[in-house]
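What follows is a set of notes on a single structure, which appears directly below.
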Amino acid sequence: MSGEPLTDDSRFRYVLRLGDLSLILGQRLGEWVGHSPALEEDLGLANIALDLIGQARMLLSYAGELEGKGRSEDDLAFLREHREYSNAVLVEQPNGDFGQTIVRQVLVDAFQVELYQRLRNSADEHLGAIAGKALKETQYHLRFSSGWLVRLGDGTEFSHQRVQTALDSLWLYTVELFAPDPLDRQMAQCAVAPALEDVEKAWSARIEALLAEATLKRPAQRPYAWFGKRGEHSEHLGYMLAEMQFMQRTHPGARW
Amino acid sequence: MTDSKDWPLYEVFIRARGGLDHKHVGSLHATDARMAIEHARDLYTRRQEGVSIWVVLSTQIVASDPADADAMFEPARDKVYRHPTFYDIPDEVKTL
């Protein structure tokens, strides 16, 4: 297991993974623009979506540098195939109702907060700097999403039921966030990234407290089979990419 | 489902930077104070407009009645002596 040397290629794949998580979640959240329950939420979600796209830009640009083949952030965002995306399957799940979007957001925000906190001390200083900047944004994302989780969970019987249902259906996908593959292990060994076990412990405690406040029940874990980090995605990603990549594929190199 | 129109209205005050007063910038709908602060942050400070936010329920603001304007504000109109424009300012005073 151990002893694999740290190469630019392995760092490329790891940074790409982080970038894809933010990119795909940002794209998903962007679908709410013009459709939110209130104008104020519309702007709130759009701000978060744009923060995530901003994180993706920093991470994908850096990934492109590490790869050293001259691929830009746009090349990586728009010109890869379905199986080359390494985001967790959780973030490509459909928005569903507002409650489902909020549950997905809380689960990912809490993960990113714990991850970025630890990544700030990465042996890779550039990655550490990106994490430091992203952390401040992400702390606000969690504040926003967890506020809604509590409001809906501890709201009316109707809103409670809706978010509990969303939680029950999305919980499954959190497994992947913390299941280390050889790349995760290698990054942890080289102190580029934290051990996912530590991230999970902190995430779990945070989520536990939030669910209690929102009067929601933590679902039981079930067997899990999808691993976006290996390029194994749900059917939803293809449709997303078709929409996301349309412009670049129709007008290659288009900029504004 | 309740509409956001049923959410209470909050007035938003932003302090542009340390040392300045909070200025009224607008209003928004929110279900509670925490949400009002978050909405104010997202709506009114996204271009670095401020470093501090106050929100207050619009219904908590006590306002003067426009119908009383004559009695309230008219009498001040001819009291020009209330403006400190009749004093000679010594030349040595630079920053008055």
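Going through the structure tokens in order, the chains are called A, B, and so on, while each chain numbers its residues from 1 and the ligands are numbered from 1 in the order shown.
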
- Message: Using only C-alpha atoms and a cut-off of 8 Å, which residues of chain B sit close to chain A? Please list them as a list in words.
- Response: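 Here is what falls inside 8 Å: Asp3, Ser4, Leu28, His29, Arg34, Met35, Glu38, His39, Asp42 and Leu43 of chain B.
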
Could you save those same residues with C-alpha atoms as a PDB file, in the first residue's frame?
ATOM      1  CA  ASP B   3     -45.531  32.326  -0.243  1.00  0.00           C
ATOM      2  CA  SER B   4     -42.564  34.530   0.577  1.00  0.00           C
ATOM      3  CA  LEU B  28     -36.267  41.961   2.345  1.00  0.00           C
ATOM      4  CA  HIS B  29     -38.517  39.090   3.340  1.00  0.00           C
ATOM      5  CA  ARG B  34     -31.135  34.670  11.261  1.00  0.00           C
ATOM      6  CA  MET B  35     -32.481  34.258   7.748  1.00  0.00           C
ATOM      7  CA  GLU B  38     -28.186  35.856   5.714  1.00  0.00           C
ATOM      8  CA  HIS B  39     -30.421  37.312   3.039  1.00  0.00           C
ATOM      9  CA  ASP B  42     -26.437  37.799   0.063  1.00  0.00           C
ATOM     10  CA  LEU B  43     -28.511  40.672  -1.313  1.00  0.00           C
TER      11      LEU B  43
END

- Message: Which residues are near stretch 94-100 of chain A? Cut-off 12 Å, only C-alpha atoms, ignore same chain within fewer than 2 positions. Put them as a ChimeraX atom specification.
- Response: /A:24-33,35-38,41-42,45,89-92,102-107,145-153,155,158-171,234-240

- as an MDAnalysis selection string, which residues of stretch 128-251 of chain A does DSSP assign to alpha helix (DSSP H)? chainID A and resid 128:153 157:170 175:178 182:189 196:213 236:250

- Message: So, with only C-alpha atoms as the atoms that count, which of B:Trp7, B:Tyr87, B:Tyr81, B:Phe13 lies closest to B:Thr45?
- Response: B:Phe13

- Query: Suppose you want the space between atom CA of B:Arg46 and atom CA of A:Leu16; what is it in Å?
  - Reply: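 Computed distance, atom CA of B:Arg46 to atom CA of A:Leu16, equals 28.1 Å.
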
- Which residue gives the smallest distance to A:Gln55 among A:Met244, A:Ala205, A:Ala220, A:Leu135, with only C-alpha atoms counted?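 Result for the nearest residue to A:Gln55: A:Leu135.
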
- Item | Neighbour list for stretch 5-15 of chain A as an NGL selection string, cut-off 10 Å, only C-alpha atoms, skip fewer than 6 positions in-chain | :A and (56 or 58-68 or 86 or 124 or 127 or 183-184 or 186-187 or 189-190 or 192-193 or 229)

- Which of these residues is nearest to B:Ala33, using only C-alpha atoms: B:Leu9, B:Leu20, B:Val62, B:Ile14?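 Using only C-alpha atoms, B:Ala33 sits closest to B:Leu9.
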
- Message: Please compute the atom CA of B:Ile37-atom CA of B:Gly19 distance, one decimal, in Å.
- Response: 20.6 Å

- Message: When you look at A:Gly253 with a cut-off of 10 Å (counting only C-alpha atoms), what residues show up, excluding the ones that are within fewer than 4 positions of it in the same chain? I need them as a ChimeraX atom specification.
- Response: /A:74-75,247-249

Write a file of the just-selected residues containing C-alpha atoms, as a PDB file, in the first residue's frame.
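Writing done, so here's out_25.pdb:
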ATOM      1  CA  ASP A  74     -12.091  25.227 -19.379  1.00  0.00           C
ATOM      2  CA  ASP A  75     -10.635  22.179 -21.116  1.00  0.00           C
ATOM      3  CA  MET A 247     -21.575  25.647 -25.580  1.00  0.00           C
ATOM      4  CA  GLN A 248     -17.934  24.543 -25.629  1.00  0.00           C
ATOM      5  CA  ARG A 249     -18.662  21.609 -27.895  1.00  0.00           C
TER       6      ARG A 249
END

- Message: Report, in Å with one decimal, the straight-line distance from atom CA of A:Leu50 to atom CA of B:Ala16.
- Response: 23.4 Å

- Message: With only C-alpha atoms as the counted atoms, please give the residues lying no more than 7 Å from A:Gly228, apart from itself and same-chain residues fewer than 3 positions off, as a list in words.
- Response: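 Those residues are Ser86, Asn87, Ala88, Val89, Gly231, Glu232 and His233 of chain A.
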
With C-alpha atoms retained, could you export that selection as a PDB file, in the first residue's frame?
ATOM      1  CA  SER A  86     -14.250  12.137 -10.445  1.00  0.00           C
ATOM      2  CA  ASN A  87     -16.857  13.913  -8.324  1.00  0.00           C
ATOM      3  CA  ALA A  88     -18.750  11.984  -5.679  1.00  0.00           C
ATOM      4  CA  VAL A  89     -22.100  10.765  -6.968  1.00  0.00           C
ATOM      5  CA  GLY A 231     -15.646   7.469 -12.756  1.00  0.00           C
ATOM      6  CA  GLU A 232     -18.672   5.297 -11.979  1.00  0.00           C
ATOM      7  CA  HIS A 233     -21.565   7.721 -12.037  1.00  0.00           C
TER       8      HIS A 233
END

- Item | Contacts of stretch 174-180 of chain A within 9 Å, only C-alpha atoms, excl. fewer than 5 positions in-chain, as a list in words |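 Within the cut-off, the hits are Ala88, Val89, Leu90, Leu107, Val108, Phe111, Arg185, Ala195, Leu196, Glu197, Val199, Glu200, Gln221, Arg222, Pro223, Tyr224, Ala225, Trp226, Phe227, Gly228 and Lys229 of chain A.
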
I need the residues from that last selection saved to file as a compact mmCIF listing (two decimals), in the first residue's frame (with C-alpha atoms), if you can.
# COMPACT_ATOMS: atom_id res chain seq x y z
CA ALA A 88 -18.75 11.98 -5.68
CA VAL A 89 -22.10 10.77 -6.97
CA LEU A 90 -23.86 12.72 -4.19
CA LEU A 107 -23.99 17.02 3.73
CA VAL A 108 -21.46 18.39 1.25
CA PHE A 111 -17.65 17.66 4.34
CA ARG A 185 -4.41 6.98 1.08
CA ALA A 195 -6.86 11.02 6.38
CA LEU A 196 -10.51 10.61 5.40
CA GLU A 197 -11.15 8.74 8.65
CA VAL A 199 -12.61 14.00 8.26
CA GLU A 200 -15.42 11.52 8.70
CA GLN A 221 -26.30 3.00 6.38
CA ARG A 222 -26.94 0.65 3.49
CA PRO A 223 -24.61 -1.15 1.09
CA TYR A 224 -23.13 1.22 -1.43
CA ALA A 225 -22.04 0.61 -4.99
CA TRP A 226 -21.38 3.87 -6.86
CA PHE A 227 -17.99 5.45 -6.84
CA GLY A 228 -17.84 8.68 -8.73
CA LYS A 229 -14.18 9.03 -7.79

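Summary of the local environment: counting only C-alpha atoms, residues at most 10 Å from A:Asp198, other than itself and those fewer than 6 positions away along its chain, are Glu114, Leu115, Arg118, Phe178 and Ser204 of chain A.
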
Take the selection from the previous step and output its residues with C-alpha atoms, as a PDB file, in the first residue's frame.
ATOM      1  CA  GLU A 114     -13.847  19.669   7.566  1.00  0.00           C
ATOM      2  CA  LEU A 115     -11.738  18.847   4.526  1.00  0.00           C
ATOM      3  CA  ARG A 118      -7.305  20.247   7.278  1.00  0.00           C
ATOM      4  CA  PHE A 178     -15.209   8.893   3.311  1.00  0.00           C
ATOM      5  CA  SER A 204     -20.210  12.817  11.672  1.00  0.00           C
TER       6      SER A 204
END

- Task: Once DSSP has gone over the backbone, tell me which residues of stretch 14-65 of chain B are in strand (DSSP E or B), as a count of residues only.
- Result: 16
